[in-house]
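These notes concern the structure reproduced below.
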Amino acid sequence: MKKSGPSQPNLKGTLISVMAVGVVIVVMWVCIYLLYIVRM
Amino acid sequence: MKTGEIAAEDRKVALFNLGFAYSAFLIGTLCGLLQVFIRNDALKLPEWLDYYQILTAHGLLLAIVFTTFFIFAFFQAGMSRTLGAFGPKVRLWNWVGFAVTALGTILVVVMVVAGQASVLYTFYAPLQAHGLFYVGLALFVIGTWIQGFSLVGHYAVWRRNHKGELSPLFAFMAIATIILWVIACLGVVATVLFQFIPWAFGWTSGINVELSRSLFWYFGHPLVYFWLLPAYMAWYVIVPKIIGGKVFSDSLARLSFVLFILFSIPVGFHHQLTEPGISSFWKFLQTVLTFMVIIPSLITAFSMFATFEIRGRELGGRGLFGWIRKLPWRDVRFTSIFIAMAFFIPGGAGGIINASFQMNEVIHNTLWVVGHFHITVGTPVAMTFFGLTFWLIPNLTGRRFTKSLQKLAFLQIATWSIGMLLMSTAQHLLGLLGAPRRTAYTGYAHDDALAWFDGLLTNHVTMAVGGSILFLSAVLLVFIVIQLWWLAPKADEQTYEAFPIAESDSSMTPRFLENWKIWIGIAFLLIALAYTIPLAEIIQHAPPGSGRFQTW
Amino acid sequence: MHLHKYEKIWLGFGVIALIIFLSVVGVSAFAQGHAPSSGHMTIDPEKVRETAPFDQPGLHKKEDGTYEVAMIALTFGYEPSKLQVPAGKEITFTLTSEDVVHSFSIIGTNVNMMAVPGQINHRTHTFKEPGSYLVICNEYCGSGHHFMSTEIEVVEQ
Ligand code: HEM
Ligand SMILES: [Cu+2]
Ligand SMILES: [Cu+2]
């Protein structure tokens, strides 16, 4: 693990949180895309 | 009592804007309540009142009037707070602008109440409202321009006196939002002045419908960013101070606002994806530009979590998520806005779906869309505004946000969240099943439509329960507003409700971010790229104009 | 301007996701022909009934074996008001409005197209299953908007 100086604060929680947001975006998008395909 | 924060005269104009905003809010949410019951067939309206009249009022009063008046109140208070008291000219023009905006609003509302303008807030031609309705709309926009330009004037004076300095983040963001608004309104002003007014008063006989729709949506999409950016301002500048932290990155904050100016305008076709008259190429090009405008929101999401994590760790939070527990959850000024942000996660994700070209066919004009904007503007934006109201009004009136009012405020945001969750979930799901938006109660006699009423969440009852909780919440909020305005005890030095502005280290921020000429120039280039050819085609290949229709 | 390492990861992830979304819908639209409804022909909104193909609203078989439905939207209904189409055949809906803006939206399918006066909209669709399909107008068009609907009978051939 690299040491995080003052310019690189510890933001592990942030990374995981935004990635969770990303997962919500991708999952919702894929669901509606599949719905589109099914109704095609 | 400490009075120094905002000059007394400047407070007054902000308060007038707030008063107007909350009057519109109360009437608008009452309309919302009626809507859910009419849709549910639980309410019959008297002869002289019509569902679509109420829906027109709801859309206009909440999405246009409440938001705009609140935003100008927030800007006026914040600009006076961060750049110093207004000079006499700035103050005068703020008042003039307020008066013109208010006059326009009243004219519009009178026409709607008179039954002369049941055209909904999108007023699509060739539905024709009374000419004065459009005059009211024009006055409304002109009034906001006057207020906007007087704030720009205030900012210009500051820049002249602070050569070479970056302006405070709040002022920078307010100016960016005003620039966005002024450029956006060009479209709606063009269609209202040159198409609707001459046509509605009978000076011209036909209207180019597709052109009017395109000009409307040239305005309509940046309109939603005009709502969102002031909420983002609260997230970037106010919230860090409330939790005792700092702005995560001054340059990224400014960069994201610049990106909003560039990319939120040349994208209006994503509201017109299923209509004729615009070729698929131009629709897709604007879809790509629409995806660009997602990026500054991704930046914002990171900045928010980072602000919280850094502060939570300062307060002793350990491990991956220990910092979350350290945040000041008992402070309703923070909690309200945090919940607002959380709603924006599915809200924003839904927006990406809506804009995804042919996937728009799945949701276009269904109840999904109604669910979508209630978890974008109806909660993230509106509840951020509630969170600001809790301290802004006492700050302006010199009263105290007492413990018991804080408890009520918690009840208010909790009920709003639950109500919206119920109502918008039902709306999203019903929309996916095909249930249309903008409809009074109807029983389409078909199995597919009957199935809309069957589900656990997909039924109109969930929507009605949600709507009722929401209206109670709205009444509670107005009660709190009245208390904070006239009735709560006067504050003293210790209990004075401050205007929180977080420290933002701009020492590393590149100066060119505040060079508006560059950004406005690029914005117009992008607009020209996205709109010149398709609009020219719509004008050149115009069919004979449409006549006037009053079908309500 | 300095970016935190994690922010770079996040923005990289986000931008790649957006590019993938765009590529998926772009390829599906332009390479496989699944673009949303559109059209570039205009029409005199007061002469809809005199202009082909709307002078004969309803189903027509074209020479190449596909079908076209000429459909007029009006307050508060559709012309033809009854429609029977074959299952498993490609059908092009050709749509306009003779008064205000409406839509022609077939529940349970992706056919969801705007009817704009003066403009002609197109959308092709193949019904896989026979049965009765509900069509509604989902763009506000006046006091009877919520009654504006029709049905399509899809029959086996
Ligand atoms: C008491 C709270 C609220 C309730 C119960 C409520 C309910 C509703 C319902 C049921 C509709 C759909 C009507 C239809 O499509 O037939 C609607 C539409 C709408 N609502 Fe709300 N709403 C509330 C608050 C808000 C807020 C705070 C905003 C924005 C700041 C908002 C903005 C809108 C807009 C723009 C529309 C679309 C109007 C149109 O289609 O022309 N609503 N609302
Ligand atoms: Cu939009
Ligand atoms: Cu209709």
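Letters A, B, ... go to the chains of the structure tokens in the order shown; residues in each chain start at 1; ligands are counted from 1 in the same order.
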
Write as a PyMOL selection string the residues around ligand 1, taking 8 Å as the cut-off and counting only C-alpha atoms and all ligand atoms. chain B and resi 25+28-36+39+55-56+58-60+62-64+66-67+120-122+367+370+373-374+377-379+381-382+416+420+423+436-440+463-464+466-474

Only N, CA and C atoms, please: the residues just picked out, written as a short mmCIF file (atom, residue, chain, number, x, y, z; two decimals), in the first residue's frame.
```
data_model
loop_
_atom_site.label_atom_id
_atom_site.label_comp_id
_atom_site.auth_asym_id
_atom_site.auth_seq_id
_atom_site.Cartn_x
_atom_site.Cartn_y
_atom_site.Cartn_z
N PHE B 25 -45.66 27.07 -3.96
CA PHE B 25 -45.43 25.69 -3.51
C PHE B 25 -46.70 25.12 -2.87
N GLY B 28 -49.38 24.63 -5.54
CA GLY B 28 -48.94 23.59 -6.47
C GLY B 28 -49.04 22.20 -5.88
N THR B 29 -48.66 22.04 -4.62
CA THR B 29 -48.73 20.70 -4.02
C THR B 29 -50.19 20.31 -3.77
N LEU B 30 -51.05 21.30 -3.51
CA LEU B 30 -52.47 20.97 -3.38
C LEU B 30 -53.00 20.40 -4.71
N CYS B 31 -52.56 21.01 -5.81
CA CYS B 31 -52.93 20.46 -7.13
C CYS B 31 -52.45 19.02 -7.25
N GLY B 32 -51.21 18.77 -6.79
CA GLY B 32 -50.66 17.41 -6.86
C GLY B 32 -51.53 16.42 -6.12
N LEU B 33 -51.99 16.84 -4.95
CA LEU B 33 -52.88 15.97 -4.16
C LEU B 33 -54.15 15.64 -4.93
N LEU B 34 -54.77 16.69 -5.50
CA LEU B 34 -55.99 16.46 -6.28
C LEU B 34 -55.72 15.49 -7.43
N GLN B 35 -54.57 15.67 -8.08
CA GLN B 35 -54.25 14.81 -9.23
C GLN B 35 -54.24 13.33 -8.86
N VAL B 36 -53.54 12.98 -7.77
CA VAL B 36 -53.47 11.56 -7.46
C VAL B 36 -54.85 10.99 -7.16
N ARG B 39 -56.85 10.67 -10.55
CA ARG B 39 -56.36 9.53 -11.33
C ARG B 39 -56.87 8.22 -10.75
N LEU B 55 -53.47 20.25 -13.64
CA LEU B 55 -52.15 19.75 -13.98
C LEU B 55 -51.28 20.86 -14.57
N THR B 56 -51.89 21.75 -15.35
CA THR B 56 -51.15 22.89 -15.87
C THR B 56 -50.63 23.73 -14.70
N HIS B 58 -50.14 22.78 -11.60
CA HIS B 58 -49.15 22.02 -10.83
C HIS B 58 -47.76 22.14 -11.48
N GLY B 59 -47.70 21.84 -12.77
CA GLY B 59 -46.41 21.89 -13.48
C GLY B 59 -45.82 23.29 -13.42
N LEU B 60 -46.63 24.30 -13.73
CA LEU B 60 -46.10 25.65 -13.75
C LEU B 60 -45.71 26.13 -12.35
N LEU B 62 -44.98 24.54 -9.56
CA LEU B 62 -43.86 23.88 -8.86
C LEU B 62 -42.58 23.90 -9.68
N ALA B 63 -42.68 23.46 -10.93
CA ALA B 63 -41.44 23.31 -11.70
C ALA B 63 -40.89 24.64 -12.18
N ILE B 64 -41.76 25.62 -12.40
CA ILE B 64 -41.28 26.89 -12.93
C ILE B 64 -41.27 27.97 -11.84
N PHE B 66 -42.07 28.00 -8.29
CA PHE B 66 -41.39 27.71 -7.02
C PHE B 66 -39.87 27.69 -7.20
N THR B 67 -39.41 26.92 -8.18
CA THR B 67 -37.97 26.79 -8.37
C THR B 67 -37.32 28.14 -8.68
N LEU B 120 -50.90 22.80 -20.34
CA LEU B 120 -49.79 22.21 -19.58
C LEU B 120 -48.54 23.10 -19.70
N TYR B 121 -47.57 22.80 -18.85
CA TYR B 121 -46.46 23.75 -18.78
C TYR B 121 -45.57 23.72 -20.02
N THR B 122 -45.79 22.72 -20.89
CA THR B 122 -45.02 22.66 -22.13
C THR B 122 -45.71 23.40 -23.28
N LEU B 367 -45.89 7.11 -17.40
CA LEU B 367 -45.79 7.57 -16.02
C LEU B 367 -44.37 7.46 -15.48
N VAL B 370 -42.95 10.78 -15.19
CA VAL B 370 -43.44 11.53 -14.03
C VAL B 370 -42.68 11.07 -12.77
N PHE B 373 -39.10 12.71 -12.92
CA PHE B 373 -38.80 14.09 -12.49
C PHE B 373 -39.22 14.36 -11.05
N HIS B 374 -40.01 13.47 -10.46
CA HIS B 374 -40.23 13.67 -9.03
C HIS B 374 -39.03 13.19 -8.20
N VAL B 377 -36.16 16.68 -9.95
CA VAL B 377 -36.49 18.02 -9.45
C VAL B 377 -37.38 17.95 -8.20
N GLY B 378 -38.31 16.99 -8.16
CA GLY B 378 -39.27 16.97 -7.06
C GLY B 378 -38.68 16.60 -5.72
N THR B 379 -37.54 15.91 -5.71
CA THR B 379 -36.92 15.62 -4.42
C THR B 379 -35.47 16.13 -4.34
N VAL B 381 -33.76 18.33 -5.99
CA VAL B 381 -33.73 19.79 -6.03
C VAL B 381 -34.62 20.37 -4.93
N ALA B 382 -35.88 19.94 -4.91
CA ALA B 382 -36.81 20.54 -3.96
C ALA B 382 -36.35 20.32 -2.52
N TRP B 416 -41.72 13.60 3.37
CA TRP B 416 -41.51 13.88 1.94
C TRP B 416 -40.79 12.69 1.29
N MET B 420 -42.53 10.43 -1.55
CA MET B 420 -41.94 10.38 -2.89
C MET B 420 -41.53 8.97 -3.27
N MET B 423 -44.79 7.17 -4.19
CA MET B 423 -45.41 7.68 -5.40
C MET B 423 -44.52 7.43 -6.61
N PRO B 436 -49.88 5.76 -19.40
CA PRO B 436 -49.49 7.07 -19.90
C PRO B 436 -49.44 8.14 -18.81
N ARG B 437 -48.68 9.17 -19.06
CA ARG B 437 -48.68 10.33 -18.17
C ARG B 437 -49.77 11.30 -18.63
N ARG B 438 -49.97 12.33 -17.86
CA ARG B 438 -50.88 13.42 -18.23
C ARG B 438 -52.27 12.90 -18.58
N THR B 439 -52.81 12.03 -17.73
CA THR B 439 -54.16 11.56 -17.98
C THR B 439 -54.97 11.62 -16.71
N ALA B 440 -56.20 12.11 -16.84
CA ALA B 440 -57.16 11.99 -15.75
C ALA B 440 -57.55 10.53 -15.65
N MET B 463 -49.88 5.25 -5.32
CA MET B 463 -49.62 6.61 -5.74
C MET B 463 -50.42 7.59 -4.90
N ALA B 464 -51.66 7.24 -4.61
CA ALA B 464 -52.51 8.15 -3.85
C ALA B 464 -52.04 8.26 -2.40
N GLY B 466 -48.97 7.80 -1.36
CA GLY B 466 -47.77 8.63 -1.45
C GLY B 466 -48.12 10.09 -1.60
N GLY B 467 -49.05 10.39 -2.49
CA GLY B 467 -49.42 11.78 -2.73
C GLY B 467 -50.00 12.44 -1.49
N SER B 468 -50.79 11.69 -0.72
CA SER B 468 -51.38 12.28 0.48
C SER B 468 -50.30 12.58 1.52
N ILE B 469 -49.38 11.65 1.70
CA ILE B 469 -48.29 11.89 2.64
C ILE B 469 -47.50 13.12 2.20
N LEU B 470 -47.29 13.21 0.89
CA LEU B 470 -46.53 14.34 0.36
C LEU B 470 -47.21 15.66 0.66
N PHE B 471 -48.52 15.68 0.49
CA PHE B 471 -49.19 16.95 0.70
C PHE B 471 -49.13 17.35 2.18
N LEU B 472 -49.29 16.35 3.07
CA LEU B 472 -49.13 16.66 4.50
C LEU B 472 -47.76 17.25 4.76
N SER B 473 -46.76 16.66 4.13
CA SER B 473 -45.40 17.13 4.29
C SER B 473 -45.26 18.57 3.81
N ALA B 474 -45.92 18.87 2.69
CA ALA B 474 -45.85 20.23 2.15
C ALA B 474 -46.47 21.23 3.11
#
```

Within 10 Å of ligand 2, counting only C-alpha atoms and all ligand atoms, which protein or nucleic acid residues do you find, written as a ChimeraX atom specification? /B:217-225,264-265,267-272,290,351-352,354-355

Return as a list in words the residues of protein, DNA or RNA that approach ligand 3 to within 7 Å, with only C-alpha atoms and all ligand atoms taken into account.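 Using only C-alpha atoms and all ligand atoms, I find these residues within 7 Å of ligand 3: Leu74, Thr75, Phe76, Gly77, Val101, His102, Ser103, Cys137, Asn138, Glu139, Tyr140, Cys141, His145 and Met148 of chain C.
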
Could you make a table, as JSON lines, of the residues of chain C that have an atom within 12 Å of an atom of chain A, each with its nearest atom pair and distance in Å to one decimal, counting only C-alpha atoms, in chain and number order?
```
{"residue": "C:His2", "atom": "CA", "partner": "A:Ser7", "partner_atom": "CA", "distance": 9.3}
{"residue": "C:Leu3", "atom": "CA", "partner": "A:Gln8", "partner_atom": "CA", "distance": 9.2}
{"residue": "C:His4", "atom": "CA", "partner": "A:Gln8", "partner_atom": "CA", "distance": 6.3}
{"residue": "C:Lys5", "atom": "CA", "partner": "A:Gln8", "partner_atom": "CA", "distance": 7.8}
{"residue": "C:Tyr6", "atom": "CA", "partner": "A:Leu15", "partner_atom": "CA", "distance": 6.0}
{"residue": "C:Glu7", "atom": "CA", "partner": "A:Leu15", "partner_atom": "CA", "distance": 7.5}
{"residue": "C:Lys8", "atom": "CA", "partner": "A:Leu15", "partner_atom": "CA", "distance": 10.1}
{"residue": "C:Ile9", "atom": "CA", "partner": "A:Leu15", "partner_atom": "CA", "distance": 8.3}
{"residue": "C:Trp10", "atom": "CA", "partner": "A:Met19", "partner_atom": "CA", "distance": 7.0}
{"residue": "C:Leu11", "atom": "CA", "partner": "A:Val18", "partner_atom": "CA", "distance": 9.8}
{"residue": "C:Gly12", "atom": "CA", "partner": "A:Met19", "partner_atom": "CA", "distance": 11.2}
{"residue": "C:Phe13", "atom": "CA", "partner": "A:Gly22", "partner_atom": "CA", "distance": 8.1}
{"residue": "C:Gly14", "atom": "CA", "partner": "A:Gly22", "partner_atom": "CA", "distance": 7.0}
{"residue": "C:Val15", "atom": "CA", "partner": "A:Gly22", "partner_atom": "CA", "distance": 10.7}
{"residue": "C:Ile16", "atom": "CA", "partner": "A:Gly22", "partner_atom": "CA", "distance": 11.1}
{"residue": "C:Ala17", "atom": "CA", "partner": "A:Val26", "partner_atom": "CA", "distance": 7.6}
{"residue": "C:Leu18", "atom": "CA", "partner": "A:Val26", "partner_atom": "CA", "distance": 9.4}
{"residue": "C:Ile20", "atom": "CA", "partner": "A:Val26", "partner_atom": "CA", "distance": 10.3}
{"residue": "C:Phe21", "atom": "CA", "partner": "A:Trp29", "partner_atom": "CA", "distance": 8.4}
{"residue": "C:Leu22", "atom": "CA", "partner": "A:Trp29", "partner_atom": "CA", "distance": 11.5}
{"residue": "C:Val24", "atom": "CA", "partner": "A:Tyr33", "partner_atom": "CA", "distance": 9.5}
{"residue": "C:Val25", "atom": "CA", "partner": "A:Tyr33", "partner_atom": "CA", "distance": 9.0}
{"residue": "C:Ser28", "atom": "CA", "partner": "A:Ile37", "partner_atom": "CA", "distance": 10.2}
{"residue": "C:Gln32", "atom": "CA", "partner": "A:Met40", "partner_atom": "CA", "distance": 11.9}
{"residue": "C:Gly33", "atom": "CA", "partner": "A:Met40", "partner_atom": "CA", "distance": 11.4}
{"residue": "C:His34", "atom": "CA", "partner": "A:Met40", "partner_atom": "CA", "distance": 8.7}
{"residue": "C:Ala35", "atom": "CA", "partner": "A:Met40", "partner_atom": "CA", "distance": 11.4}
{"residue": "C:Pro36", "atom": "CA", "partner": "A:Tyr36", "partner_atom": "CA", "distance": 11.5}
{"residue": "C:Glu90", "atom": "CA", "partner": "A:Met40", "partner_atom": "CA", "distance": 11.9}
{"residue": "C:Ile106", "atom": "CA", "partner": "A:Arg39", "partner_atom": "CA", "distance": 10.7}
{"residue": "C:Ile107", "atom": "CA", "partner": "A:Arg39", "partner_atom": "CA", "distance": 9.8}
{"residue": "C:Gly108", "atom": "CA", "partner": "A:Arg39", "partner_atom": "CA", "distance": 6.5}
{"residue": "C:Thr109", "atom": "CA", "partner": "A:Arg39", "partner_atom": "CA", "distance": 4.9}
{"residue": "C:Asn110", "atom": "CA", "partner": "A:Arg39", "partner_atom": "CA", "distance": 5.9}
{"residue": "C:Val111", "atom": "CA", "partner": "A:Met40", "partner_atom": "CA", "distance": 8.8}
{"residue": "C:Asn112", "atom": "CA", "partner": "A:Arg39", "partner_atom": "CA", "distance": 11.7}
{"residue": "C:Arg123", "atom": "CA", "partner": "A:Met40", "partner_atom": "CA", "distance": 11.9}
{"residue": "C:Thr124", "atom": "CA", "partner": "A:Met40", "partner_atom": "CA", "distance": 10.3}
{"residue": "C:His125", "atom": "CA", "partner": "A:Met40", "partner_atom": "CA", "distance": 7.7}
{"residue": "C:Thr126", "atom": "CA", "partner": "A:Met40", "partner_atom": "CA", "distance": 8.1}
{"residue": "C:Phe127", "atom": "CA", "partner": "A:Met40", "partner_atom": "CA", "distance": 8.8}
{"residue": "C:Lys128", "atom": "CA", "partner": "A:Met40", "partner_atom": "CA", "distance": 9.1}
{"residue": "C:Glu129", "atom": "CA", "partner": "A:Arg39", "partner_atom": "CA", "distance": 11.0}
```

Going by DSSP on the backbone, which bits of chain C are helix (DSSP H, G or I)? Write them as a ChimeraX atom specification, please. /C:5-30,48-50,145-147

With a cut-off of 7 Å, could you pull out the residues of chain B touching chain C and give me the nearest pair of atoms for each, distance in Å to one decimal, using only C-alpha atoms, ordered by chain and ascending number, as a tab-separated table?
```
residue	atom	partner	partner_atom	distance
B:Pro126	CA	C:Val100	CA	5.5
B:Leu127	CA	C:Val100	CA	6.4
B:Ser251	CA	C:Met1	CA	6.3
B:Leu273	CA	C:Pro36	CA	6.6
B:Thr274	CA	C:Ser37	CA	5.1
B:Glu275	CA	C:Met114	CA	5.0
B:Pro276	CA	C:Ser38	CA	4.4
B:Gly277	CA	C:His40	CA	5.0
B:Ile278	CA	C:His40	CA	6.9
B:Ser279	CA	C:Ser38	CA	6.8
B:Ser280	CA	C:Ser38	CA	7.0
B:Phe291	CA	C:Leu18	CA	6.8
B:Leu298	CA	C:Leu11	CA	6.9
B:Phe302	CA	C:Glu7	CA	6.8
B:Ser356	CA	C:Val25	CA	6.9
B:Phe357	CA	C:Val25	CA	6.7
B:Gln358	CA	C:Pro36	CA	4.7
B:Glu361	CA	C:Asn112	CA	5.5
B:Val362	CA	C:Asn110	CA	5.8
B:Asn365	CA	C:Asn138	CA	5.8
B:Thr366	CA	C:Asn138	CA	6.9
B:Gly434	CA	C:Ile107	CA	5.6
B:Pro436	CA	C:Asn138	CA	5.1
B:Arg437	CA	C:Asn138	CA	6.5
B:Arg438	CA	C:Tyr140	CA	6.2
B:Thr439	CA	C:His146	CA	5.1
B:Ala440	CA	C:His146	CA	6.1
B:Thr442	CA	C:His146	CA	5.9
B:His446	CA	C:Leu134	CA	6.7
B:Met508	CA	C:Met1	CA	7.0
B:Thr509	CA	C:Met1	CA	6.6
B:Pro543	CA	C:Gly118	CA	5.3
B:Pro544	CA	C:Asp44	CA	5.4
B:Ser546	CA	C:Pro45	CA	6.6
B:Thr551	CA	C:Gly142	CA	4.6
B:Trp552	CA	C:Ser143	CA	4.3
```

Filtering to N, CA, C and O atoms, could you give me those residues as a compact mmCIF listing (two decimals), in the first residue's frame?
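Result file selection-v1.txt:
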```txt
# COMPACT_ATOMS: atom_id res chain seq x y z
N PRO B 126 -50.25 22.79 -31.76
CA PRO B 126 -51.14 23.93 -31.97
C PRO B 126 -52.28 24.04 -30.96
O PRO B 126 -53.32 24.58 -31.30
N LEU B 127 -52.08 23.55 -29.73
CA LEU B 127 -53.03 23.92 -28.69
C LEU B 127 -52.81 25.41 -28.47
O LEU B 127 -51.66 25.85 -28.35
N SER B 251 -11.09 23.58 -8.04
CA SER B 251 -10.99 23.60 -9.50
C SER B 251 -11.98 22.63 -10.13
O SER B 251 -12.61 22.95 -11.14
N LEU B 273 -37.05 12.38 -29.34
CA LEU B 273 -36.47 11.24 -30.05
C LEU B 273 -37.48 10.48 -30.89
O LEU B 273 -37.13 9.87 -31.87
N THR B 274 -38.76 10.50 -30.48
CA THR B 274 -39.73 9.68 -31.21
C THR B 274 -40.57 10.50 -32.19
O THR B 274 -41.60 10.05 -32.62
N GLU B 275 -40.13 11.72 -32.49
CA GLU B 275 -40.99 12.49 -33.39
C GLU B 275 -40.37 12.71 -34.76
O GLU B 275 -39.16 12.65 -34.93
N PRO B 276 -41.23 12.96 -35.76
CA PRO B 276 -40.77 13.17 -37.12
C PRO B 276 -40.22 14.58 -37.29
O PRO B 276 -40.38 15.42 -36.41
N GLY B 277 -39.55 14.81 -38.42
CA GLY B 277 -39.10 16.16 -38.72
C GLY B 277 -37.63 16.39 -38.37
O GLY B 277 -37.06 17.40 -38.76
N ILE B 278 -37.05 15.47 -37.60
CA ILE B 278 -35.64 15.58 -37.24
C ILE B 278 -35.01 14.25 -37.62
O ILE B 278 -35.52 13.20 -37.25
N SER B 279 -33.91 14.29 -38.35
CA SER B 279 -33.37 13.01 -38.81
C SER B 279 -32.65 12.29 -37.67
O SER B 279 -32.20 12.90 -36.70
N SER B 280 -32.57 10.97 -37.80
CA SER B 280 -31.95 10.17 -36.75
C SER B 280 -30.52 10.60 -36.47
O SER B 280 -30.04 10.52 -35.35
N PHE B 291 -24.80 12.66 -23.33
CA PHE B 291 -23.97 11.80 -22.48
C PHE B 291 -22.77 12.57 -21.93
O PHE B 291 -22.26 12.26 -20.86
N LEU B 298 -20.89 13.04 -12.63
CA LEU B 298 -20.02 12.00 -12.05
C LEU B 298 -18.95 12.66 -11.17
O LEU B 298 -18.63 12.16 -10.09
N PHE B 302 -18.39 12.14 -6.93
CA PHE B 302 -17.13 11.85 -6.24
C PHE B 302 -16.82 12.93 -5.21
O PHE B 302 -16.46 12.64 -4.07
N SER B 356 -31.23 7.41 -23.73
CA SER B 356 -30.53 6.40 -24.54
C SER B 356 -31.26 6.07 -25.84
O SER B 356 -31.65 4.93 -26.09
N PHE B 357 -31.43 7.09 -26.66
CA PHE B 357 -31.89 6.96 -28.03
C PHE B 357 -33.13 6.09 -28.14
O PHE B 357 -34.16 6.46 -27.58
N GLN B 358 -33.05 4.91 -28.79
CA GLN B 358 -34.28 4.14 -29.01
C GLN B 358 -34.87 3.61 -27.71
O GLN B 358 -36.07 3.34 -27.65
N GLU B 361 -38.13 4.94 -26.36
CA GLU B 361 -39.47 4.46 -26.74
C GLU B 361 -40.14 3.67 -25.62
O GLU B 361 -41.36 3.60 -25.55
N VAL B 362 -39.34 3.06 -24.77
CA VAL B 362 -39.92 2.26 -23.68
C VAL B 362 -40.64 3.19 -22.69
O VAL B 362 -41.68 2.83 -22.14
N ASN B 365 -43.23 9.56 -22.48
CA ASN B 365 -44.60 9.98 -22.13
C ASN B 365 -45.40 8.95 -21.34
O ASN B 365 -46.62 8.99 -21.32
N THR B 366 -44.70 8.04 -20.68
CA THR B 366 -45.40 7.16 -19.75
C THR B 366 -45.25 7.75 -18.35
O THR B 366 -44.53 8.73 -18.14
N GLY B 434 -46.60 0.65 -19.42
CA GLY B 434 -47.21 1.40 -20.53
C GLY B 434 -48.22 2.46 -20.11
O GLY B 434 -48.77 3.15 -20.96
N PRO B 436 -49.88 5.76 -19.40
CA PRO B 436 -49.49 7.07 -19.90
C PRO B 436 -49.44 8.14 -18.81
O PRO B 436 -50.09 7.99 -17.77
N ARG B 437 -48.68 9.17 -19.06
CA ARG B 437 -48.68 10.33 -18.17
C ARG B 437 -49.77 11.30 -18.63
O ARG B 437 -50.40 11.10 -19.66
N ARG B 438 -49.97 12.33 -17.86
CA ARG B 438 -50.88 13.42 -18.23
C ARG B 438 -52.27 12.90 -18.58
O ARG B 438 -52.84 13.27 -19.61
N THR B 439 -52.81 12.03 -17.73
CA THR B 439 -54.16 11.56 -17.98
C THR B 439 -54.97 11.62 -16.71
O THR B 439 -54.51 11.19 -15.65
N ALA B 440 -56.20 12.11 -16.84
CA ALA B 440 -57.16 11.99 -15.75
C ALA B 440 -57.55 10.53 -15.65
O ALA B 440 -57.11 9.70 -16.44
N THR B 442 -58.91 7.05 -16.13
CA THR B 442 -59.51 6.40 -17.28
C THR B 442 -59.46 4.91 -17.11
O THR B 442 -58.55 4.36 -16.52
N HIS B 446 -59.26 -2.81 -21.51
CA HIS B 446 -58.36 -3.78 -22.14
C HIS B 446 -57.58 -4.45 -21.03
O HIS B 446 -57.19 -3.82 -20.06
N MET B 508 -4.79 26.70 -6.30
CA MET B 508 -4.32 25.88 -7.42
C MET B 508 -5.26 25.94 -8.63
O MET B 508 -5.06 25.23 -9.61
N THR B 509 -6.30 26.74 -8.52
CA THR B 509 -7.32 26.73 -9.58
C THR B 509 -6.85 27.56 -10.77
O THR B 509 -6.48 28.72 -10.61
N PRO B 543 -44.23 22.51 -43.40
CA PRO B 543 -45.54 22.28 -43.98
C PRO B 543 -46.37 23.55 -43.80
O PRO B 543 -45.97 24.44 -43.06
N PRO B 544 -47.52 23.66 -44.46
CA PRO B 544 -48.41 24.78 -44.16
C PRO B 544 -48.68 24.83 -42.65
O PRO B 544 -48.81 23.79 -42.01
N SER B 546 -50.09 25.27 -38.80
CA SER B 546 -51.27 24.72 -38.14
C SER B 546 -52.13 25.85 -37.60
O SER B 546 -51.61 26.87 -37.12
N THR B 551 -58.88 22.44 -27.39
CA THR B 551 -59.56 21.15 -27.30
C THR B 551 -59.88 20.77 -25.86
O THR B 551 -60.21 19.62 -25.60
N TRP B 552 -59.76 21.76 -24.94
CA TRP B 552 -60.03 21.39 -23.55
C TRP B 552 -61.37 21.91 -23.07
O TRP B 552 -61.96 22.73 -23.73
```

Long-range neighbours of segment 481-498 of chain B as a ChimeraX atom specification, 9 Å cut-off, only C-alpha atoms, 5 positions minimum in chain: /B:1-3,5,22,389-402,405,476

Which chain B residues are at most 8 Å from chain A (counting only C-alpha atoms), as a PyMOL selection string? chain B and resi 301-302+305-306+309-310+320-321+345-346+349-350+352-353+359+362

So how many Å separate atom CA of Arg511 of chain B and atom CA of Ala174 of chain B, to one decimal?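 Atom-to-atom, atom CA of Arg511 of chain B and atom CA of Ala174 of chain B are spaced 17.3 Å apart.
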
note - atom CA of Asn459 of chain B and atom CA of Ile413 of chain B are separated by 24.4 Å

Ala70 of chain C surroundings by only C-alpha atoms, 10 Å radius, close-in-sequence under 3 positions cut, as JSON, numbers by chain: {"C": [52, 53, 54, 55, 56, 57, 58, 59, 60, 67, 79, 80, 92, 93, 94, 95, 96, 122]}

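Atom pair atom CA of Ala340 of chain B / atom CA of Phe479 of chain B: separated by 20.7 Å.
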